[in-house]
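Asks: Here you go, one structure.
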Amino acid sequence: MNSEITRKNNVPSYVKTMLLGISALLVVAAVVTSPSEAFDASMQGLQIWWKLVFPALLPFIMLSQMLTAFGFTHGLGVLLEPLMRIGFRLPGVTGLGLAVGITGGFPSGADTAARLYQQKLVTGKEAAILASITHFASPMTLFVVIGAAFYEAPAVGYILACIHGISGIIAGIVLGRVTLSSKKTTKTTELHEQPEPVSALEAMMKAKEKDGRSFGRLLGDTVSHAVQVLMMTGGYMIIFSVFIRLLGKYVTPFLPEWIWASFFELHLGAYSMRSLDITAHAVGFALLAAAIGWGGLSSHLQATALLAPYGINTRIFTIGRILHAGISYGLVLLLWPPIQSWLHHSKAVFLHNEQNPLIQAQYSPGGFQAAVILGLFHVLLLTSLIFISMCIAKWQSTRHSSSR
């Protein structure tokens, strides 16, 4: 049924084939015409990926996979069930997707949505909404890659992480309430809900027992998976880096490079937007936050590759990305005075430390200090979500008892 709907709504396959073939020929012709431009762009994408993205994300992807194998995210998903029901109008089991998406970054949320749909725990529409709600940029990307490496200011990463998380939650609430009616949500929740609710500890133990891998095998699998994911990310970055450079030269030479870069790829967009003085102008910082909320067409393709085999329509996913970007932009403009004060204070501290390398090293975002700050941020974020979810559960129980 889903496949028939997809065939009717989508463009005919021969049209897609012709368009892709013509586009590939044009790109090849552009590369042959400007080999030096293509080579320089490819080297730029490779250097950003190898020197900044790869070493920053490899440990974090490994740790997130190990936490999932140990059952941590499953237990966290149980604690977030009330929040998913009331806030996003999704079945309680989707709390696992929110936990994985926040801690692991995209496309882990889309992968979880596809697995829940495969297990018939959510409908296709709910899976598309869940994939959009959980499509968060990795906290390590915001802290280490964008904040510390690209802009050399950890405060930029902290502020972007707060804006990105808050706007993502707001976008998810709006998307869930607009696309799902309360009657349909209640119906699907009763259909897919587990008959006997389990505690967080029970969910952790069951997930760990179901995984069944020894620590040595788990470590090897996480290393292999992390490298595979980062190789895919690097390939996207190199390809889109060349495409962006050629597109800017032959199609839109009058536009700044950061426009296409932020549209196609998150890392390249954030790197190219360094030409904007984001610490002095609200619009520049808002555009950077909107680009991160959009996530880049590269991440959309990664999510589509996980959802499309199951016939899940990705239109809702795209609408959610646009909504996330718009809310991020507006939130920065609304909160610009405190954001600017934070940025100026952090900049003054770092300028003062440049006179003394030893003092500068103490405030450096790398090493143990960055790990501690990142861990504290995760604990604070997840604790806040769990607290809100528990308050919702308490309010529901009080409401039911009073109605009786």
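Quick note on naming: the chains in the structure tokens go A, B, ... in the order shown, residues restart at 1 in each chain, and ligands are numbered from 1 in order of appearance.
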Show which residues sit within 8 Å of segment 43-49 of chain A, as a VMD selection string. Count only C-alpha atoms, and ignore same-chain residues fewer than 5 positions away.
Replies: chain A and resid 54 234 237 to 238 241 268
Asks: Convert the current residue selection to file output with N, CA and C atoms, as a PDB file, in the first residue's frame.
Replies:
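This is the output file result_23.pdb:
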ATOM      1  N   PHE A  54      36.844  14.209  11.751  1.00  0.00           N
ATOM      2  CA  PHE A  54      37.141  12.811  12.077  1.00  0.00           C
ATOM      3  C   PHE A  54      37.638  12.627  13.508  1.00  0.00           C
ATOM      4  N   GLY A 234      32.709  11.877   5.337  1.00  0.00           N
ATOM      5  CA  GLY A 234      33.805  12.460   4.579  1.00  0.00           C
ATOM      6  C   GLY A 234      33.553  12.450   3.087  1.00  0.00           C
ATOM      7  N   MET A 237      31.184  15.216   2.313  1.00  0.00           N
ATOM      8  CA  MET A 237      31.829  16.518   2.434  1.00  0.00           C
ATOM      9  C   MET A 237      32.702  16.822   1.213  1.00  0.00           C
ATOM     10  N   ILE A 238      33.445  15.849   0.742  1.00  0.00           N
ATOM     11  CA  ILE A 238      34.326  16.066  -0.415  1.00  0.00           C
ATOM     12  C   ILE A 238      33.507  16.300  -1.683  1.00  0.00           C
ATOM     13  N   SER A 241      31.739  19.602  -1.450  1.00  0.00           N
ATOM     14  CA  SER A 241      32.704  20.699  -1.510  1.00  0.00           C
ATOM     15  C   SER A 241      33.041  21.037  -2.959  1.00  0.00           C
ATOM     16  N   LEU A 268      30.614  22.173   6.021  1.00  0.00           N
ATOM     17  CA  LEU A 268      31.126  23.141   5.051  1.00  0.00           C
ATOM     18  C   LEU A 268      30.414  24.484   5.183  1.00  0.00           C
TER      19      LEU A 268
END
Asks: Which polymer residues have any atom within 9 Å of an atom of segment 385-395 of chain A, counting only C-alpha atoms, with same-chain residues fewer than 2 positions away left out, as a VMD selection string?
Replies: chain A and resid 76 79 to 84 86 380 to 383 397 to 400
Asks: Kindly give the distance, in Å, that separates atom CA of Leu58 of chain A and atom CA of Trp258 of chain A, rounded to a single decimal.
Replies: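 One can read the atom CA of Leu58 of chain A to atom CA of Trp258 of chain A distance as 26.1 Å.
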